[in-house]
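Worksheet: one structure, shown below.
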Protein chains: 4
Amino acid sequence: MTKIAFIGAGSLGFTHELVRDILTFPLLEDATLSLMDIDPERLAWAKKGVEKLIHEGKRPAKVEATLDRAEALKDADVVLTTILTGHTDTWRYDIEIPKKYGVDINVGDTRGPSGIFRFLRTINPMMDIVRDMEKYCPQAVLLNYTNPMAMLCAALQRQTFITVTGLCHSVQGTAMMLAEWIGAPFEEIDYVCAGINHQAWYLEYKWNGVDAYPLIDKAIKTRPEIYNEEIVRNEMYLALGKYVTESSGHNSEYNWWFRKRPDLIAKYCTDGSGWNPGEYAYILKEYQHNEATWKDQVKEELDRQLGPEDLERGLEYAAYIINALKGGDMFMFNGNVPNTSLITNLPEGACVEVPVVVDKAGFHAIHVGDLPPECALLTQLSSGIEEMAINASIAGDPVMVYRAICHDPLTASVLSLAEIRKMTNELFAQNQQYLPQFKVHSV
Amino acid sequence: MTKIAFIGAGSLGFTHELVRDILTFPLLEDATLSLMDIDPERLAWAKKGVEKLIHEGKRPAKVEATLDRAEALKDADVVLTTILTGHTDTWRYDIEIPKKYGVDINVGDTRGPSGIFRFLRTINPMMDIVRDMEKYCPQAVLLNYTNPMAMLCAALQRQTFITVTGLCHSVQGTAMMLAEWIGAPFEEIDYVCAGINHQAWYLEYKWNGVDAYPLIDKAIKTRPEIYNEEIVRNEMYLALGKYVTESSGHNSEYNWWFRKRPDLIAKYCTDGSGWNPGEYAYILKEYQHNEATWKDQVKEELDRQLGPEDLERGLEYAAYIINALKGGDMFMFNGNVPNTSLITNLPEGACVEVPVVVDKAGFHAIHVGDLPPECALLTQLSSGIEEMAINASIAGDPVMVYRAICHDPLTASVLSLAEIRKMTNELFAQNQQYLPQFKVHSV
Amino acid sequence: MTKIAFIGAGSLGFTHELVRDILTFPLLEDATLSLMDIDPERLAWAKKGVEKLIHEGKRPAKVEATLDRAEALKDADVVLTTILTGHTDTWRYDIEIPKKYGVDINVGDTRGPSGIFRFLRTINPMMDIVRDMEKYCPQAVLLNYTNPMAMLCAALQRQTFITVTGLCHSVQGTAMMLAEWIGAPFEEIDYVCAGINHQAWYLEYKWNGVDAYPLIDKAIKTRPEIYNEEIVRNEMYLALGKYVTESSGHNSEYNWWFRKRPDLIAKYCTDGSGWNPGEYAYILKEYQHNEATWKDQVKEELDRQLGPEDLERGLEYAAYIINALKGGDMFMFNGNVPNTSLITNLPEGACVEVPVVVDKAGFHAIHVGDLPPECALLTQLSSGIEEMAINASIAGDPVMVYRAICHDPLTASVLSLAEIRKMTNELFAQNQQYLPQFKVHSV
Amino acid sequence: MTKIAFIGAGSLGFTHELVRDILTFPLLEDATLSLMDIDPERLAWAKKGVEKLIHEGKRPAKVEATLDRAEALKDADVVLTTILTGHTDTWRYDIEIPKKYGVDINVGDTRGPSGIFRFLRTINPMMDIVRDMEKYCPQAVLLNYTNPMAMLCAALQRQTFITVTGLCHSVQGTAMMLAEWIGAPFEEIDYVCAGINHQAWYLEYKWNGVDAYPLIDKAIKTRPEIYNEEIVRNEMYLALGKYVTESSGHNSEYNWWFRKRPDLIAKYCTDGSGWNPGEYAYILKEYQHNEATWKDQVKEELDRQLGPEDLERGLEYAAYIINALKGGDMFMFNGNVPNTSLITNLPEGACVEVPVVVDKAGFHAIHVGDLPPECALLTQLSSGIEEMAINASIAGDPVMVYRAICHDPLTASVLSLAEIRKMTNELFAQNQQYLPQFKVHSV
């Protein structure tokens with residue numbers, strides 16, 4: 001029997017989706033789902049939601065809810081982390097302080113000054129979880145959904161013996177979008193996608209074994225509605241020749257080309273028809289809106305009658321992975337794992353997003369080789385900056401944080417070194433209480 | 001519809017087994033099986049055998065037989081090679097010449113002076129096959145069963161764009177033997193096995209996720225019948241702490257420890273109860289015996305009434321791989337592939353035997369990392385010698401052949417450098433007609 | 001007896017200085033100095049200058065002048081290249097076209113759009129020289145002074161068997177400036193400087209064996225005249241903690257931080273007291289001025305009476321190197337050589353600037369290891385862009401040129417991908433006649 | 001003023017030679033020579049010898065002698081180690097125990113079972129010296145002459161921040177012998193020699209810039225007196241094509257080819273005319289003889305009148321290195337340093353013997369690249385075995401010692417795995433008191 005611990009179970013959408021998927025696997029239908037959160041109200045809602053899924057699906061699974069992390073972790077086989085450190089009042093400054101200096105952020109959960117400070121805060125509770133795992137479930141694997149994915153996973157992977165794999169749906173999401181664009185049934189598509197989280201590249205994309213890039217190229221160049229759906233990523237494709245994962249909005253803040261001038265934001269990051277073309281502070285605004293309305297939504301959702309389609313398996317990787325670990329079908333996905341000569345021109349030991357096969361013997365990462373130079377240069381820089389931020393956190397060295405941010409493409413396109421120093425200091429001052437790993441909070 | 005070409009289809013046992021397996025997969029049951037051999041008599045027998053399998057299994061598959069390799073290869077999806085260069089009168093000297101000098105060989109198909117000369121002969125028809133594949137079926141993959149596996153595959157892999165993967169059943173064979181020794185159902189066993197063909201090491205061997213080496217250790221040390229089953233490999237395990245693939249006989253000729261003195265051969269290589277404890281020229285004698293009797297055996301076999309158990313799927317990898325390539329279940333096996341930082345302390349580009357996942361997108365090799373030193377030293381030496389032999393063949397340099405043989409463990413344990421030179425020259429003289437890649441046949 | 005060929009001998013200042021130094025070494029005083037240029041007028045002046053040096057110094061050296069490159073190269077021991085492809089009317093557009101798009105260049109001889117197009121033009125005559133060397137003096141070494149140093153040397157190093165080493169005085173120049181700042185006699189200073197040409201970092205800088213960075217730090221922070229002498233490089237030091245080679249003006253165009261906004265150019269690149277604080281098109285204007293006046297200067301210089309101080313050895317590396325190659329004192333300098341695991345976090349095979357020892361057995365490059373991350377990120381990006389430009393030239397692929405420029409820090413800080421495409425196309429159109437390696441001159 | 005500590009100053013020959021050389025350098029003539037030994041009698045003799053050299057040479061140098069290591073090390077600039085752990089009664093068993101099993105050793109100071117046990121004993125006092133250096137002279141460099149060179153240096157280099165470089169004269173010794181063979185003045189010879197101590201290969205050997213291997217080849221093949229001078233090494237050259245360092249006797253025990261059969265010892269290791277053709281226990285017998293006679297020799301030597309030739313500088317590296325470190329002429333030598341991608345096909349971090357340049361900034365190791373395969377295979381194996389022995393000592397793991405010895409070429413050519421186990425256990429039992437790093441002394 002399998003015990004699955006959900007740390008941060010109050011991330012209600014995630015918990016719902018993952019439990020729904022888990023219960024579809026016969027091998028897992030009698031699992032113990034142990035929900036943990038630091039927020040008792042959200043935890044209670046999470047439990048109710050899971051109970052409803054179990055009841056409607058008529059599964060023998062058990063659910064537990066606890067505020068005690070050790071209890072949730074005790075003898076778990078798999079641990080899922082979907083935590084968020086603090087409310088919007090904690091992390092709004094990740095976005096708002098850079099904006100004061102002219103660094104215009106869309107999401108801020110991955111890299112750049114916003115992502116780095118989110119990492120510096122979040123690594124502390126994540127390390128606590130992992131240290132508890134070493135005590136209470138040393139054999140368990142950690143499947144992490146918390147962002148910033150690459151920095152958190154790498155920082156964990158090099159400080160614990162626990163197997164940590166990061167999961168993100170952006171790889172299959174983009175792959176499905178491209179299939180739709182060229183009219184291909186998704187099951188006829190193969191691809192090799194590799195890089196780092198939110199900056200992975202489709203090195204191959206084939207329809208029935210034949211290179212489908214010419215079709216993608218044609219779709220982008222000849223069909224305005226497709227160009228408009230992902231303006232930033234399509235522009236990147238047109239320049240670099242390979243398609244990249246994650247939304248246009250996210251990508252617009254990971255490089256130099258789109259957000260450094262207001263006219264470019266207006267041109268490239270505003271009117272796209274996809275879910276996140278690149279508006280300033282898009283996700284922050286969403287969260288601020290949700291904070292007012294989430295309880296009503298949750299109640300409504302709990303009252304809703306579930307149909308069979310609500311119990312169907314979705315596309316998130318976690319349940320497939322747990323099923324494979326317990327002896328079910330082998331499963332291949334794009335995971336965030338330590339770079340052991342997998343991508344040979346990214347730093348050894350960095351957290352890379354590559355194809356991974358999982359079976360009952362564990363995770364088996366697939367060798368990719370060199371990224372082509374047109375994808376490698378930006379990815380190497382991003383990964384190198386992340387390495388600096390990780391090492392800065394481990395060493396408690398604020399200067400290394402500053403130097404990391406100095407190289408962030410968007411920041412570097414907008415500010416001088418002196419201005420970056422000022423911005424970094426303001427970010428340190430705002431976050432001081434969440435950063436015990438630093439003795440000094442200025443540079 | 002899938003076309004599968006069998007080059008060397010006159011290897012009747014192999015052809016029978018592979019076809020039987022292929023026909024068990026619904027995706028492949030209408031395949032075209034194109035048999036080719038240079039020996040018309042054997043080819044005719046092979047065709048009859050396949051026809052019988054198709055008929056008994058009531059499959060829509062088609063069989064063709066041809067002496068024309070181009071015809072067999074034309075538009076094939078998969079090519080299987082099970083060729084043997086020459087009759088026993090060709091290769092008996094690989095065994096008999098070294099014996100004259102005191103180098104006592106048991107099989108001689110893998111490495112050492114016998115294996116190197118077998119390679120130098122066999123690479124020529126193998127290159128011809130691959131050059132034809134480039135012309136007639138450039139998209140096809142080559143699954144090679146011909147020995148010496150590592151040298152042939154590496155030599156091909158670096159000289160063609162065709163995907164070449166070498167297959168050998170010794171990994172799962174040994175894994176099953178160990179499971180039996182410890183009383184574990186094989187489906188509860190996981191292992192990581194890596195190295196080079198016939199010298200791969202079970203770096204992990206687990207029963208239900210728990211290290212089973214202590215059980216293996218106990219079995220070998222306390223149960224004489226188990227010690228006796230694989231004396232050479234058990235001695236290697238007792239010294240080195242990891243179990244190795246392939247029979248004791250094979251292994252006895254790959255290192256310094258067992259065949260250099262008659263008393264050691266008597267003690268370690270003679271009375272084992274496994275299929276090949278290590279007798280001098282064991283396989284050569286088998287073949288010589290078969291040459292007299294094979295036709296009767298074939299006839300008898302063709303006349304035999306097949307039962308349902310004769311149509312059941314076996315454990316050879318090839319059919320599972322073809323099924324996965326055509327869109328069936330993903331499949332993990334130990335394949336012989338180019339070392340792209342997969343085993344980080346073996347030569348880059350050498351042919352290594354590591355876990356490989358195959359699906360419709362192709363082959364995905366799994367990263368292993370460093371072999372532990374107790375396994376690495378011998379394997380590095382073997383692989384380094386193989387690299388020299390491969391490069392010697394490509395460069396047509398007989399001196400490099402000599403230098404490779406100088407380092408062969410068994411040879412080096414027995415002979416002086418001058419004696420090795422003499423033996424090498426005699427082997428060159430005997431094989432001269434089969435080695436057009438060399439202008440000079442002495443050193 | 002040593003023959004030294006000067007290709008581009010019409011670079012009168014260089015030729016004068018190098019010959020003066022050469023004649024100070026007893027081992028070289030009877031050398032044959034073979035001057036070659038494509039401009040007969042400049043060549044004649046060069047010859048007169050050398051004759052004067054020989055005469056005044058009373059050396060047995062011989063001088064030859066020829067328009068025929070083959071004649072100059074025939075049996076040379078050492079070849080010096082100081083060529084410039086075209087007059088200012090050829091290369092002014094490297095500076096002026098980017099300026100139209102907002103990319104404000106100070107020198108434009110190293111990297112960025114200007115440096116890349118200078119490379120794409122200049123590699124053609126440089127390859128011609130090297131091909132002639134293969135014919136006429138295959139044992140000779142090439143000491144290159146022509147820019148862009150790193151791209152030219154790397155492109156040559158991977159296409160010829162001739163030993164090519166690039167020389168630049170910026171390493172010792174900066175080292176002497178720093179010594180002066182801290183009041184240290186230069187002979188008491190040791191340093192390890194490594195990176196790529198014009199972007200190498202003083203990883204160690206010691207005065208009598210003790211780290212002198214604290215003294216440098218104090219000088220920059222407390223003495224305004226020192227801060228003002230190298231504003232850009234001092235700002236880089238204050239952020240990154242290591243000092244970089246070459247002038248502030250050069251450096252201001254190699255990164256994101258100084259030239260993307262007019263106010264930053266005004267603040268950081270205008271009023272420095274060093275030789276090149278960073279004015280727009282500084283070197284172009286110098287050359288345009290010189291084109292009007294050089295003949296008068298040359299005449300004046302030739303008429304001038306030489307004193308003993310005019311015959312003293314200077315600090316350029318070339319003469320010391322030639323002396324060491326001919327059996328004189330071993331000499332250590334910073335040379336531009338292929339990266340053979342010398343700087344372990346820059347691309348293997350790129351041209352790196354590292355300590356090199358030369359003696360009569362040739363060049364021996366010193367292992368450096370990893371650049372620290374604060375120096376590595378920018379240098380990796382620069383080197384990666386250079387690799388793309390080199391490969392673009394070899395492959396004749398204009399798209400790869402565009403992609404290289406897309407990643408240039410200054411360009412990327414100012415322009416969108418579409419704007420960069422337009423600028424690249426204009427540069428291609430302007431240079432079309434000098435770029436026979438490309439079949440297509442637009443992207 | 002320079003302080004040089006001699007640890008093991010009772011190695012009278014070494015101390016005499018090194019002091020004589022040191023005093024020839026003006027920069028060092030006022031050095032303080034601090035002699036330390038654990039044997040007061042030998043120490044007293046050493047001091048007298050040094051005093052005589054100082055007096056005869058009329059130098060201002062000072063000599064001190066002490067039994068207190070801390071006192072000798074205090075504020076030293078350079079530390080020289082020439083220690084020997086124990087008398088012949090300690091280490092005779094390194095030779096005599098293997099002989100009982102049939103492993104016939106000539107010297108036993110480098111590798112193989114004898115060398116490994118010598119290492120396991122000697123690393124303990126060497127670590128003590130280095131720990132004291134960390135306390136009493138943390139800036140000093142350690143120049144080690146104690147054997148086994150590669151294992152001791154590597155074990156120290158990875159466990160201390162002190163710079164440790166190993167010195168051995170076998171590289172220049174062999175180079176001079178080869179020069180003599182071909183009639184070349186040594187100053188006209190250049191070479192590149194690289195590998196590991198006592199197994200380094202002349203990758204290039206040039207006379208006035210031209211490959212001199214054809215001349216060496218001819219000398220060996222046509223002149224019997226030259227063949228006879230170094231039979232073992234000449235046989236190795238004839239097979240492998242590159243010349244190796246150290247005497248024929250030493251080399252005869254580092255591989256499989258010469259000492260495994262009595263007839264081969266008789267043929268190759270007995271009648272050579274060089275200083276050590278390969279007699280059983282040659283050095284042990286020398287030491288045993290010296291133990292009876294050394295005092296008389298020392299007295300005689302001290303009474304001898306020194307002539308000017310007795311004060312001339314010799315060829316040992318140490319004095320040249322110290323002079324360079326103190327600001328004298330840069331010096332290139334073959335040193336034993338950590339492998340930082342210097343020899344790219346030997347283990348990273350192993351102790352390799354490569355060209356090193358020393359100047360006042362310290363040691364600068366020269367990149368070599370791959371050893372050619374004909375040299376690499378044996379050297380990789382030797383280095384891999386050494387790595388195992390080093391790690392065994394650090395981990396206190398006797399099993400890893402056994403596994404290391406299992407792979408020793410000579411041992412593996414002669415014994416079975418079970419016999420090697422027995423021999424290893426006997427060596428452990430004999431050495432138990434000197435091996436505190438092991439808790440268990442059997443396998």
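Ligands are numbered from 1 in the order shown, residues from 1 within each chain, and chains are lettered A, B, ... in the order they appear in the structure tokens.
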
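Within region 31-127 of chain A, DSSP run on the backbone puts these residues in strand (DSSP E or B): Thr32, Leu33, Ser34, Leu35, Met36, Lys62, Val63, Glu64, Ala65, Thr66, Val78, Val79, Leu80 and Thr81 of chain A.
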
Near Asn234 (chain C), counting only C-alpha atoms, which residues have an atom at most 10 Å away, once you skip same-chain residues fewer than 6 positions from it, shown as a short mmCIF file (atom, residue, chain, number, x, y, z; two decimals) with all heavy atoms, in the first residue's frame?
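Here's the written file out_14.cif:
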data_model
loop_
_atom_site.label_atom_id
_atom_site.label_comp_id
_atom_site.auth_asym_id
_atom_site.auth_seq_id
_atom_site.Cartn_x
_atom_site.Cartn_y
_atom_site.Cartn_z
N ILE C 216 44.28 47.66 -4.50
CA ILE C 216 43.61 48.17 -5.70
C ILE C 216 42.22 48.68 -5.32
O ILE C 216 41.79 49.77 -5.74
CB ILE C 216 43.50 47.04 -6.76
CG1 ILE C 216 44.90 46.62 -7.22
CG2 ILE C 216 42.64 47.47 -7.92
CD1 ILE C 216 44.91 45.35 -8.07
N ASP C 217 41.54 47.91 -4.52
CA ASP C 217 40.19 48.27 -4.08
C ASP C 217 40.20 49.63 -3.40
O ASP C 217 39.37 50.50 -3.69
CB ASP C 217 39.70 47.18 -3.11
CG ASP C 217 38.24 47.32 -2.78
OD1 ASP C 217 37.41 46.80 -3.55
OD2 ASP C 217 37.91 47.98 -1.77
N ILE C 220 40.83 52.56 -5.86
CA ILE C 220 39.67 52.91 -6.68
C ILE C 220 38.61 53.64 -5.85
O ILE C 220 37.98 54.59 -6.30
CB ILE C 220 39.08 51.64 -7.33
CG1 ILE C 220 40.07 51.06 -8.33
CG2 ILE C 220 37.74 51.93 -7.98
CD1 ILE C 220 39.68 49.69 -8.87
N LYS C 221 38.44 53.18 -4.63
CA LYS C 221 37.35 53.73 -3.82
C LYS C 221 37.70 55.06 -3.17
O LYS C 221 36.82 55.84 -2.82
CB LYS C 221 36.97 52.73 -2.73
CG LYS C 221 36.17 51.54 -3.29
CD LYS C 221 35.78 50.57 -2.18
CE LYS C 221 34.92 49.42 -2.70
NZ LYS C 221 34.96 48.27 -1.79
N ILE C 226 42.02 58.11 -9.70
CA ILE C 226 42.16 56.71 -10.15
C ILE C 226 40.81 56.18 -10.62
O ILE C 226 40.71 55.54 -11.67
CB ILE C 226 42.78 55.86 -9.03
CG1 ILE C 226 44.30 56.12 -9.03
CG2 ILE C 226 42.48 54.37 -9.22
CD1 ILE C 226 45.05 55.40 -7.95
N TYR C 227 39.77 56.45 -9.87
CA TYR C 227 38.44 56.06 -10.34
C TYR C 227 38.21 56.64 -11.74
O TYR C 227 37.73 55.94 -12.65
CB TYR C 227 37.35 56.55 -9.37
CG TYR C 227 35.97 56.27 -9.91
CD1 TYR C 227 35.41 54.99 -9.80
CD2 TYR C 227 35.25 57.25 -10.59
CE1 TYR C 227 34.16 54.71 -10.35
CE2 TYR C 227 34.01 56.97 -11.14
CZ TYR C 227 33.47 55.71 -11.02
OH TYR C 227 32.25 55.42 -11.57
N ASN C 228 38.56 57.90 -11.92
CA ASN C 228 38.27 58.57 -13.20
C ASN C 228 39.12 58.06 -14.36
O ASN C 228 38.75 58.24 -15.51
CB ASN C 228 38.49 60.08 -13.04
CG ASN C 228 37.34 60.69 -12.27
OD1 ASN C 228 36.20 60.22 -12.35
ND2 ASN C 228 37.63 61.74 -11.50
N LEU C 240 32.05 43.22 -9.91
CA LEU C 240 32.40 41.81 -10.13
C LEU C 240 33.59 41.34 -9.30
O LEU C 240 33.80 40.14 -9.13
CB LEU C 240 32.68 41.57 -11.62
CG LEU C 240 31.54 41.97 -12.57
CD1 LEU C 240 31.93 41.74 -14.01
CD2 LEU C 240 30.25 41.22 -12.23
N GLY C 241 34.40 42.29 -8.82
CA GLY C 241 35.47 41.90 -7.90
C GLY C 241 36.75 41.43 -8.53
O GLY C 241 37.67 41.03 -7.82
N LYS C 242 36.81 41.43 -9.87
CA LYS C 242 38.07 41.09 -10.54
C LYS C 242 38.32 42.15 -11.61
O LYS C 242 37.38 42.65 -12.23
CB LYS C 242 37.99 39.71 -11.23
CG LYS C 242 37.88 38.54 -10.28
CD LYS C 242 39.21 38.11 -9.70
CE LYS C 242 39.08 36.94 -8.74
NZ LYS C 242 38.43 37.29 -7.46
N TYR C 243 39.60 42.48 -11.84
CA TYR C 243 39.91 43.49 -12.85
C TYR C 243 40.02 42.84 -14.24
O TYR C 243 40.47 41.71 -14.38
CB TYR C 243 41.20 44.24 -12.50
CG TYR C 243 41.05 45.71 -12.83
CD1 TYR C 243 40.45 46.58 -11.91
CD2 TYR C 243 41.41 46.20 -14.08
CE1 TYR C 243 40.25 47.92 -12.23
CE2 TYR C 243 41.21 47.53 -14.40
CZ TYR C 243 40.63 48.39 -13.48
OH TYR C 243 40.41 49.71 -13.81
N VAL C 244 39.60 43.60 -15.25
CA VAL C 244 39.57 43.09 -16.62
C VAL C 244 40.59 43.85 -17.47
O VAL C 244 40.93 44.99 -17.17
CB VAL C 244 38.13 43.21 -17.19
CG1 VAL C 244 37.78 44.67 -17.50
CG2 VAL C 244 37.94 42.33 -18.40
N SER C 248 38.77 51.07 -20.93
CA SER C 248 37.37 51.25 -20.55
C SER C 248 36.48 51.39 -21.77
O SER C 248 35.37 50.85 -21.82
CB SER C 248 37.24 52.49 -19.66
OG SER C 248 37.56 52.16 -18.32
#

Which residues, written as number ranges by chain, have at least one atom at most 7 Å from region 249-259 of chain B, with only C-alpha atoms counted and residues fewer than 4 positions away on the same chain left out? B: 104-107, 232, 264-265, 268-269, 276-278, 409-410, 413; D: 412-413, 415-417

Output N, CA and C atoms for every residue in the selection just made, as a PDB file, in the first residue's frame.
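Output (out-v2.pdb):
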ATOM      1  N   ASP B 104      45.357 -20.145 -23.969  1.00  0.00           N
ATOM      2  CA  ASP B 104      44.312 -21.179 -23.989  1.00  0.00           C
ATOM      3  C   ASP B 104      42.941 -20.510 -23.975  1.00  0.00           C
ATOM      4  N   ILE B 105      42.232 -20.614 -25.099  1.00  0.00           N
ATOM      5  CA  ILE B 105      40.982 -19.876 -25.301  1.00  0.00           C
ATOM      6  C   ILE B 105      39.792 -20.810 -25.137  1.00  0.00           C
ATOM      7  N   ASN B 106      38.752 -20.317 -24.529  1.00  0.00           N
ATOM      8  CA  ASN B 106      37.536 -21.099 -24.348  1.00  0.00           C
ATOM      9  C   ASN B 106      36.515 -20.854 -25.468  1.00  0.00           C
ATOM     10  N   VAL B 107      36.221 -19.600 -25.788  1.00  0.00           N
ATOM     11  CA  VAL B 107      35.248 -19.279 -26.837  1.00  0.00           C
ATOM     12  C   VAL B 107      35.911 -18.492 -27.964  1.00  0.00           C
ATOM     13  N   VAL B 232      34.177 -19.423 -12.062  1.00  0.00           N
ATOM     14  CA  VAL B 232      34.990 -18.260 -12.422  1.00  0.00           C
ATOM     15  C   VAL B 232      34.299 -16.972 -12.006  1.00  0.00           C
ATOM     16  N   LEU B 264      45.434 -23.775 -12.782  1.00  0.00           N
ATOM     17  CA  LEU B 264      44.282 -22.899 -12.542  1.00  0.00           C
ATOM     18  C   LEU B 264      43.122 -23.263 -13.461  1.00  0.00           C
ATOM     19  N   ILE B 265      43.438 -23.624 -14.705  1.00  0.00           N
ATOM     20  CA  ILE B 265      42.370 -24.081 -15.608  1.00  0.00           C
ATOM     21  C   ILE B 265      41.695 -25.313 -15.018  1.00  0.00           C
ATOM     22  N   TYR B 268      39.644 -24.060 -11.851  1.00  0.00           N
ATOM     23  CA  TYR B 268      38.541 -23.097 -11.959  1.00  0.00           C
ATOM     24  C   TYR B 268      37.686 -23.266 -13.221  1.00  0.00           C
ATOM     25  N   CYS B 269      38.236 -23.858 -14.266  1.00  0.00           N
ATOM     26  CA  CYS B 269      37.573 -23.780 -15.568  1.00  0.00           C
ATOM     27  C   CYS B 269      37.123 -25.134 -16.098  1.00  0.00           C
ATOM     28  N   ASN B 276      28.878 -23.507 -19.528  1.00  0.00           N
ATOM     29  CA  ASN B 276      30.208 -23.362 -20.109  1.00  0.00           C
ATOM     30  C   ASN B 276      31.210 -22.998 -19.036  1.00  0.00           C
ATOM     31  N   PRO B 277      31.709 -23.997 -18.315  1.00  0.00           N
ATOM     32  CA  PRO B 277      32.656 -23.661 -17.252  1.00  0.00           C
ATOM     33  C   PRO B 277      33.994 -23.152 -17.762  1.00  0.00           C
ATOM     34  N   GLY B 278      34.401 -23.536 -18.995  1.00  0.00           N
ATOM     35  CA  GLY B 278      35.644 -22.960 -19.477  1.00  0.00           C
ATOM     36  C   GLY B 278      36.579 -23.898 -20.215  1.00  0.00           C
ATOM     37  N   PRO B 409      44.790  -9.141 -21.395  1.00  0.00           N
ATOM     38  CA  PRO B 409      45.211  -9.695 -20.100  1.00  0.00           C
ATOM     39  C   PRO B 409      45.722 -11.124 -20.172  1.00  0.00           C
ATOM     40  N   LEU B 410      44.958 -12.011 -20.799  1.00  0.00           N
ATOM     41  CA  LEU B 410      45.397 -13.402 -20.809  1.00  0.00           C
ATOM     42  C   LEU B 410      46.702 -13.550 -21.592  1.00  0.00           C
ATOM     43  N   SER B 413      49.623 -12.256 -19.720  1.00  0.00           N
ATOM     44  CA  SER B 413      50.007 -13.073 -18.560  1.00  0.00           C
ATOM     45  C   SER B 413      50.866 -14.251 -18.949  1.00  0.00           C
TER      46      SER B 413
ATOM     47  N   ALA D 412      49.026 -10.092 -11.160  1.00  0.00           N
ATOM     48  CA  ALA D 412      47.921 -10.731 -11.869  1.00  0.00           C
ATOM     49  C   ALA D 412      48.412 -11.751 -12.886  1.00  0.00           C
ATOM     50  N   SER D 413      49.639 -11.577 -13.373  1.00  0.00           N
ATOM     51  CA  SER D 413      50.181 -12.537 -14.341  1.00  0.00           C
ATOM     52  C   SER D 413      50.612 -13.825 -13.688  1.00  0.00           C
ATOM     53  N   LEU D 415      49.520 -14.915 -10.176  1.00  0.00           N
ATOM     54  CA  LEU D 415      48.687 -15.515  -9.133  1.00  0.00           C
ATOM     55  C   LEU D 415      47.204 -15.529  -9.477  1.00  0.00           C
ATOM     56  N   SER D 416      46.491 -16.413  -8.796  1.00  0.00           N
ATOM     57  CA  SER D 416      45.028 -16.398  -8.847  1.00  0.00           C
ATOM     58  C   SER D 416      44.512 -15.406  -7.813  1.00  0.00           C
ATOM     59  N   LEU D 417      43.209 -15.131  -7.908  1.00  0.00           N
ATOM     60  CA  LEU D 417      42.605 -14.190  -6.955  1.00  0.00           C
ATOM     61  C   LEU D 417      42.743 -14.695  -5.525  1.00  0.00           C
TER      62      LEU D 417
END

Please identify the alpha helix (DSSP H) residues within region 183-407 of chain A (assignment by DSSP from backbone atoms) and present them as JSON, numbers by chain. {"A": [213, 214, 215, 216, 217, 218, 219, 220, 221, 222, 224, 225, 226, 227, 228, 229, 231, 232, 233, 234, 235, 236, 237, 238, 239, 240, 248, 249, 250, 251, 252, 262, 263, 264, 265, 266, 267, 268, 282, 283, 284, 285, 286, 287, 288, 289, 290, 291, 292, 293, 294, 295, 296, 297, 298, 299, 300, 301, 302, 303, 318, 319, 320, 321, 322, 323, 324, 325, 373, 374, 375, 376, 377, 378, 379, 380, 381, 382, 383, 384, 385, 386, 387, 388, 389, 390, 391, 392, 393, 394, 395, 398, 399, 400, 401, 402, 403, 404, 405, 406]}

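Coordinates place CA of Leu33 (chain D) at a distance of 14.0 Å from CA of Leu12 (chain D).
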
Neighbour list for region 192-198 of chain A as a ChimeraX atom specification, cut-off 8 Å, only C-alpha atoms, skip fewer than 3 positions in-chain: /A:110,149-150,168,170-171,201-205,244-246,250-251,334,336,343,351-355,368,371,379,383
